[in-house]
>>> print(open('protein-v9.csv').read())   # CSV, C-alpha atoms
chain,number,residue,atom,x,y,z
T,1,MET,CA,43.1,42.0,-41.6
T,2,THR,CA,45.5,43.9,-39.3
T,3,THR,CA,48.5,45.0,-41.4
T,4,GLU,CA,52.1,45.6,-40.4
T,5,GLY,CA,52.9,48.0,-43.2
T,6,THR,CA,54.2,47.1,-46.6
T,7,ASN,CA,56.6,44.5,-47.9
T,8,LEU,CA,58.9,47.5,-48.5
T,9,LYS,CA,58.9,48.3,-44.8
T,10,ALA,CA,59.9,44.7,-43.9
T,11,LEU,CA,62.6,44.6,-46.5
T,12,LEU,CA,64.1,48.0,-45.4
T,13,ARG,CA,64.0,46.9,-41.8
T,14,GLU,CA,65.8,43.7,-42.6
T,15,ARG,CA,68.6,45.9,-44.2
T,16,HIS,CA,68.6,48.5,-41.4
T,17,LEU,CA,67.3,51.2,-43.8
T,18,GLN,CA,64.0,51.9,-42.2
T,19,GLU,CA,65.1,55.4,-41.0
T,20,HIS,CA,64.6,58.2,-43.6
T,21,GLN,CA,68.2,59.4,-43.6
T,22,ALA,CA,69.7,56.0,-44.1
T,23,PHE,CA,67.1,55.2,-46.8
T,24,CYS,CA,67.9,58.4,-48.7
T,25,ARG,CA,71.6,57.7,-48.7
T,26,GLU,CA,71.1,54.2,-50.2
T,27,TYR,CA,68.4,55.5,-52.6
T,28,ASP,CA,70.8,58.2,-53.9
T,29,ARG,CA,73.6,55.7,-54.3
T,30,VAL,CA,71.4,53.5,-56.5
T,31,ALA,CA,69.8,56.4,-58.4
T,32,ARG,CA,73.3,57.7,-59.3
T,33,ARG,CA,74.3,54.4,-60.7
T,34,ILE,CA,71.2,53.9,-63.0
T,35,ASP,CA,70.6,57.5,-64.0
T,36,PRO,CA,72.4,60.5,-62.7
T,37,ALA,CA,69.4,62.6,-63.4
T,38,LEU,CA,67.6,60.8,-60.6
T,39,GLN,CA,70.1,61.9,-57.9
T,40,CYS,CA,68.5,63.7,-55.0
T,41,SER,CA,65.0,62.6,-56.1
T,42,TYR,CA,64.4,60.5,-53.0
T,43,PRO,CA,61.0,61.0,-51.2
T,44,SER,CA,60.4,63.5,-48.5
T,45,LYS,CA,60.1,62.2,-44.9
T,46,THR,CA,56.3,62.4,-45.1
T,47,THR,CA,56.1,60.4,-48.3
T,48,PHE,CA,58.6,57.8,-47.1
T,49,TYR,CA,56.6,57.0,-44.0
T,50,ARG,CA,53.5,56.7,-46.1
T,51,TRP,CA,55.4,54.2,-48.3
T,52,LEU,CA,56.1,52.1,-45.2
T,53,SER,CA,52.6,52.2,-43.8
T,54,GLY,CA,50.9,51.5,-47.1
T,55,ASP,CA,48.8,54.7,-46.9
T,56,LEU,CA,48.8,55.1,-50.7
T,57,ARG,CA,46.1,55.4,-53.3
T,58,THR,CA,48.5,54.6,-56.2
T,59,LEU,CA,52.0,53.5,-56.9
T,60,PRO,CA,54.7,56.2,-56.6
T,61,TYR,CA,55.9,57.9,-59.8
T,62,PRO,CA,57.7,55.7,-62.3
T,63,SER,CA,61.1,57.1,-61.4
T,64,HIS,CA,60.7,56.1,-57.8
T,65,CYS,CA,59.5,52.7,-58.8
T,66,ARG,CA,62.6,52.3,-61.0
T,67,VAL,CA,65.0,53.1,-58.2
T,68,LEU,CA,63.2,50.9,-55.7
T,69,GLU,CA,63.2,47.9,-58.0
T,70,GLU,CA,66.9,48.3,-58.6
T,71,MET,CA,67.5,48.8,-54.9
T,72,LEU,CA,65.6,45.6,-54.0
T,73,PRO,CA,66.2,43.2,-56.9
T,74,GLY,CA,63.5,40.6,-57.7
T,75,TRP,CA,60.7,42.7,-56.3
T,76,SER,CA,58.3,44.6,-58.5
T,77,ALA,CA,56.9,47.9,-57.3
T,78,GLU,CA,53.5,46.3,-57.0
T,79,GLN,CA,54.9,43.7,-54.7
T,80,LEU,CA,56.8,46.2,-52.6
T,81,PHE,CA,53.8,48.2,-51.8
T,82,ARG,CA,51.5,45.3,-50.9
T,83,ALA,CA,50.3,45.3,-47.3
T,84,ARG,CA,51.6,42.6,-45.0
T,85,SER,CA,49.4,40.9,-42.4
T,86,ARG,CA,50.6,41.2,-38.8
T,87,ASP,CA,50.2,37.5,-38.5
T,88,GLU,CA,52.0,36.7,-41.8
T,89,VAL,CA,55.0,34.5,-41.7
T,90,PRO,CA,58.0,36.7,-42.5
T,91,ASN,CA,59.0,35.5,-46.0
T,92,LEU,CA,60.9,38.1,-47.8
T,93,VAL,CA,61.8,36.0,-50.9
T,94,PRO,CA,60.3,37.8,-54.0
T,95,ARG,CA,57.1,36.2,-55.1
T,96,GLU,CA,56.0,35.5,-58.6
T,97,GLU,CA,53.0,37.5,-59.7
T,98,GLY,CA,49.7,35.6,-59.7
T,99,THR,CA,50.9,32.8,-57.4
T,100,GLY,CA,48.3,33.6,-54.8
T,101,ASN,CA,50.9,33.8,-52.0
T,102,GLY,CA,50.9,37.6,-51.7
T,103,VAL,CA,48.5,39.5,-49.4
T,104,THR,CA,45.8,41.3,-51.3
T,105,ASN,CA,43.2,43.8,-50.3
T,106,ALA,CA,41.0,46.5,-52.0
T,107,SER,CA,43.9,48.9,-52.3
T,108,THR,CA,46.2,46.4,-54.1
T,109,ASN,CA,44.6,46.9,-57.5
T,110,ALA,CA,44.0,50.6,-57.0
T,111,VAL,CA,47.7,51.2,-56.3
T,112,ALA,CA,48.7,50.3,-59.8
T,113,ASN,CA,46.7,53.2,-61.4
T,114,PRO,CA,48.4,56.5,-62.0
T,115,THR,CA,47.4,59.1,-59.5
T,116,PRO,CA,44.5,61.4,-60.5
T,117,PHE,CA,45.2,63.8,-57.5
T,118,GLY,CA,48.4,65.5,-58.7
T,119,ASP,CA,50.5,66.6,-55.7
T,120,LEU,CA,47.8,66.1,-53.1
T,121,ALA,CA,49.2,63.2,-51.1
T,122,ALA,CA,46.7,62.8,-48.2
T,123,VAL,CA,43.6,64.3,-46.6
T,124,PHE,CA,42.7,64.1,-42.9
T,125,LEU,CA,39.3,64.9,-41.5
T,126,SER,CA,40.8,67.0,-38.6
T,127,ARG,CA,44.1,68.4,-37.3
T,128,ALA,CA,43.9,65.9,-34.5
T,129,ASP,CA,43.7,63.0,-37.0
T,130,PHE,CA,46.6,64.5,-38.9
T,131,THR,CA,48.9,64.8,-35.9
T,132,HIS,CA,48.0,61.3,-34.8
T,133,ARG,CA,48.8,59.8,-38.2
T,134,LEU,CA,51.8,62.0,-38.9
T,135,PRO,CA,53.4,63.2,-35.6
T,136,PRO,CA,55.3,66.4,-35.7
T,137,ASP,CA,58.5,64.6,-34.9
T,138,GLU,CA,58.3,62.6,-38.2
T,139,LEU,CA,57.4,65.7,-40.2
T,140,LEU,CA,60.0,68.1,-38.8
T,141,ASN,CA,63.0,66.2,-37.5
T,142,GLY,CA,66.0,66.7,-39.7
T,143,ALA,CA,64.4,69.6,-41.6
T,144,ASN,CA,66.6,72.3,-43.1
T,145,ASP,CA,64.0,74.9,-43.8
T,146,ILE,CA,60.5,75.4,-42.2
T,147,ARG,CA,58.0,78.2,-43.1
T,148,ALA,CA,54.9,78.4,-41.0
T,149,VAL,CA,52.0,80.9,-41.6
T,150,GLY,CA,48.7,80.8,-39.7
T,151,LEU,CA,47.1,81.9,-36.5
T,152,SER,CA,48.9,80.6,-33.3
T,153,LEU,CA,51.1,78.0,-35.0
T,154,ASN,CA,50.4,75.3,-32.4
T,155,LEU,CA,52.1,72.6,-34.5
T,156,LEU,CA,55.4,74.2,-33.8
T,157,CYS,CA,54.8,75.9,-30.5
T,158,GLN,CA,52.7,73.3,-28.7
T,159,HIS,CA,53.3,70.0,-30.4
T,160,PHE,CA,57.1,70.2,-30.9
T,161,GLY,CA,59.3,70.8,-27.9
T,162,ASP,CA,61.6,73.7,-27.3
T,163,ARG,CA,64.7,71.5,-27.2
T,164,ARG,CA,63.8,69.9,-30.5
T,165,LEU,CA,63.4,73.3,-32.1
T,166,ARG,CA,66.7,74.4,-30.7
T,167,SER,CA,68.4,71.3,-32.0
T,168,LEU,CA,67.0,72.0,-35.5
T,169,LEU,CA,68.2,75.6,-35.4
T,170,GLU,CA,71.6,74.7,-34.1
T,171,ALA,CA,71.9,72.1,-36.8
T,172,GLY,CA,71.4,74.8,-39.5
T,173,CYS,CA,67.6,74.8,-40.0
T,174,ARG,CA,66.0,78.1,-41.0
T,175,LEU,CA,62.7,78.7,-39.2
T,176,ARG,CA,60.3,81.5,-40.4
T,177,CYS,CA,57.1,81.9,-38.3
T,178,LEU,CA,54.3,84.2,-39.3
T,179,PHE,CA,51.6,84.7,-36.6
T,180,LEU,CA,48.3,86.5,-36.9
T,181,ASP,CA,48.9,89.7,-35.0
T,182,PRO,CA,47.5,89.2,-31.4
T,183,GLN,CA,46.9,93.0,-31.2
T,184,GLY,CA,45.3,93.3,-34.6
T,185,ASP,CA,41.7,93.4,-35.9
T,186,ALA,CA,41.8,90.1,-37.8
T,187,ILE,CA,42.3,88.0,-34.8
T,188,LYS,CA,39.4,89.7,-33.0
T,189,ALA,CA,37.2,88.9,-36.1
T,190,ARG,CA,38.3,85.2,-35.9
T,191,GLU,CA,37.4,85.1,-32.2
T,192,GLN,CA,33.9,86.2,-33.0
T,193,GLU,CA,33.7,83.8,-35.9
T,194,GLU,CA,34.6,80.8,-33.7
T,195,GLY,CA,32.4,82.1,-30.8
T,196,TYR,CA,35.2,82.7,-28.3
T,197,ASP,CA,35.4,85.3,-25.7
T,198,THR,CA,37.4,88.4,-26.7
T,199,GLY,CA,41.1,87.9,-26.1
T,200,LEU,CA,41.2,84.1,-26.0
T,201,LEU,CA,43.0,83.5,-29.3
T,202,SER,CA,45.0,86.7,-28.8
T,203,SER,CA,46.4,85.4,-25.5
T,204,LEU,CA,47.2,82.0,-27.0
T,205,THR,CA,49.0,83.6,-29.9
T,206,ALA,CA,50.9,86.0,-27.7
T,207,PHE,CA,51.9,83.0,-25.5
T,208,ASN,CA,53.2,81.0,-28.5
T,209,MET,CA,55.2,84.0,-29.7
T,210,GLN,CA,56.8,84.4,-26.3
T,211,ILE,CA,57.9,80.8,-26.4
T,212,LEU,CA,59.8,81.4,-29.7
T,213,GLU,CA,61.1,84.8,-28.5
T,214,ARG,CA,62.4,83.2,-25.3
T,215,LEU,CA,64.0,80.4,-27.4
T,216,ARG,CA,65.7,82.9,-29.7
T,217,LEU,CA,67.3,84.6,-26.7
T,218,GLN,CA,68.8,81.3,-25.7
T,219,LEU,CA,70.6,80.9,-29.0
T,220,SER,CA,74.0,82.1,-29.9
T,221,ASP,CA,74.2,85.2,-32.0
T,222,ASP,CA,75.0,83.4,-35.2
T,223,VAL,CA,72.0,81.0,-34.7
T,224,GLN,CA,69.5,83.6,-33.7
T,225,SER,CA,69.2,84.9,-37.3
T,226,ARG,CA,67.8,81.5,-38.4
T,227,LEU,CA,64.7,82.1,-36.3
T,228,GLN,CA,62.5,84.8,-37.7
T,229,ILE,CA,59.2,85.8,-36.1
T,230,HIS,CA,56.8,88.1,-38.0
T,231,VAL,CA,53.1,89.1,-37.6
T,232,TYR,CA,50.4,90.0,-40.1
T,233,ASP,CA,46.9,91.4,-39.7
T,234,GLU,CA,44.7,90.0,-42.5
T,235,PRO,CA,41.7,87.6,-42.6
T,236,VAL,CA,43.1,84.2,-41.7
T,237,ARG,CA,42.2,81.6,-44.3
T,238,PHE,CA,44.8,78.9,-44.0
T,239,ASN,CA,47.4,77.5,-41.6
T,240,ILE,CA,50.3,76.5,-43.9
T,241,THR,CA,53.5,74.8,-43.0
T,242,ILE,CA,56.1,74.1,-45.7
T,243,VAL,CA,59.0,71.8,-44.9
T,244,ASP,CA,62.2,71.8,-47.0
T,245,ARG,CA,60.2,73.1,-50.0
T,246,CYS,CA,58.9,69.6,-50.6
T,247,THR,CA,56.1,69.0,-48.2
T,248,CYS,CA,53.2,71.4,-47.6
T,249,ILE,CA,50.6,71.0,-44.8
T,250,ALA,CA,47.5,73.2,-45.5
T,251,GLN,CA,44.7,73.6,-43.0
T,252,PRO,CA,41.8,75.9,-43.8
T,253,TYR,CA,39.9,78.1,-41.4
T,254,LEU,CA,36.2,77.5,-41.8
T,255,PRO,CA,33.3,79.6,-40.6
T,256,VAL,CA,32.1,78.7,-37.1
T,257,VAL,CA,34.3,75.5,-37.0
T,258,ARG,CA,37.3,75.6,-34.7
T,259,GLY,CA,40.6,75.4,-36.5
T,260,VAL,CA,41.5,72.1,-34.8
T,261,ASP,CA,38.3,70.5,-36.3
T,262,SER,CA,39.1,71.6,-39.9
T,263,PRO,CA,40.5,69.1,-42.5
T,264,THR,CA,44.2,68.9,-43.2
T,265,PHE,CA,45.8,68.5,-46.7
T,266,VAL,CA,49.3,67.0,-47.2
T,267,ILE,CA,50.8,68.1,-50.5
T,268,GLU,CA,54.1,66.8,-51.9
T,269,ARG,CA,55.9,69.0,-54.4
T,270,LEU,CA,56.4,67.5,-57.9
T,271,ASP,CA,59.1,68.9,-60.2
T,272,ASP,CA,58.9,72.7,-60.7
T,273,SER,CA,57.5,72.3,-64.3
T,274,SER,CA,54.4,70.5,-63.1
T,275,PRO,CA,51.5,72.6,-62.0
T,276,GLY,CA,50.0,71.7,-58.6
T,277,LEU,CA,48.6,72.8,-55.3
T,278,PHE,CA,52.1,73.1,-53.8
T,279,GLY,CA,53.0,76.1,-55.9
T,280,VAL,CA,49.6,77.8,-55.0
T,281,PHE,CA,50.2,77.6,-51.3
T,282,GLU,CA,53.8,78.5,-51.5
T,283,GLN,CA,52.8,81.7,-53.3
T,284,VAL,CA,50.4,82.5,-50.5
T,285,VAL,CA,53.1,82.0,-47.9
T,286,ASP,CA,55.6,84.2,-49.8
T,287,ALA,CA,53.0,87.0,-50.4
T,288,LEU,CA,52.0,87.1,-46.7
T,289,TRP,CA,55.6,87.1,-45.6
T,290,GLU,CA,56.4,90.0,-47.8
T,291,ARG,CA,53.6,92.1,-46.3
T,292,SER,CA,54.4,91.1,-42.7
T,293,LYS,CA,56.2,92.9,-39.9
T,294,PRO,CA,59.1,91.5,-38.0
T,295,VAL,CA,58.9,91.0,-34.2
T,296,GLY,CA,62.0,91.8,-32.1
>>> encode(input="protein-v9.csv", output="structure tokens")
Amino acid sequence: MTTEGTNLKALLRERHLQEHQAFCREYDRVARRIDPALQCSYPSKTTFYRWLSGDLRTLPYPSHCRVLEEMLPGWSAEQLFRARSRDEVPNLVPREEGTGNGVTNASTNAVANPTPFGDLAAVFLSRADFTHRLPPDELLNGANDIRAVGLSLNLLCQHFGDRRLRSLLEAGCRLRCLFLDPQGDAIKAREQEEGYDTGLLSSLTAFNMQILERLRLQLSDDVQSRLQIHVYDEPVRFNITIVDRCTCIAQPYLPVVRGVDSPTFVIERLDDSSPGLFGVFEQVVDALWERSKPVG
């Protein structure tokens, strides 16, 4: 069966709420009405688009389900997150449970179970698979704060255009980029580990840094300070991108395997009192940044 996303996607599209920003405004309005404590608890952009596509192992947290059921009266959370067939006749009238009219698949039953994976939202077999399923535009557009630590930071420098980065910065986004020092010893060790000729990764990293340095020079004085470029010279273990302190993309560097062929983990921050992987990787980013050196 070829699916067209979830019932939730169809319902939001019908109401012109299929874009993340519009959805969040309506979500916040409903949340404020039913429980002020739920204000600003709307999902991150990454999570929202997974809700629409049906790429879920489980139902969202109960607080999300509560708001969605209030936002879309007559629909249970289980119904909202059911997949819709591409050939299914658009019938957005709430269906009674157990009538047999809903589309079911192997994930329908699994989605009702509480998640056993904490804040780990998705795993992709490679970076190429990740960027195909979650394009950088969806991940970064509208962001207010981006922290990126890794080797060459291709996600930002090669997969997200200069004009888009400039628009983010001019809209108030803070962008902190930490590159592996192209003149350091650690990048030479990584070149040997991946079997590259000496200088290949160094040249790519220096080129990406020049892209950002050139961009910074094009910005007005008050905007330039929002773009910070640092370097570090330590063994590279992860490429980590944190967006708005709610979504973390973590990509390990494995022996022999090229970085682009390594798996990618998508982590969504829970509340600050809940332990999870997000806090672990955020601590790594903060520690490396504190030990780094500014460029320019």
>>> residues_near_point(input="protein-v9.csv", point="(55.2, 86.6, -40.0)", cutoff="7 Å", atoms="all atoms listed in the file", output="PyMOL selection string")
chain T and resi 149+177-179+229-232+289+292-294
>>> closest_residue(input="protein-v9.csv", among="T:Ile249, T:Cys173, T:Leu12, T:Leu17", to="T:Pro136", atoms="only C-alpha atoms")
T:Ile249
>>> residues_around(input="protein-v9.csv", residues="T:Arg147", least_positions_apart="4", cutoff="9 Å", atoms="all atoms listed in the file", output="list in words")
Arg174, Leu175, Arg176, Cys177, Leu178, Ile240, Thr241, Ile242, Val243, Asp244, Arg245 and Val285 of chain T
>>> residues_near_point(input="protein-v9.csv", point="(63.8, 86.4, -30.4)", cutoff="6 Å", atoms="all atoms listed in the file", output="ChimeraX atom specification")
/T:213,216-217,296
>>> closest_residue(input="protein-v9.csv", among="T:Leu156, T:Ala121, T:Leu59, T:Ala22", to="T:Val266", atoms="only C-alpha atoms")
T:Ala121
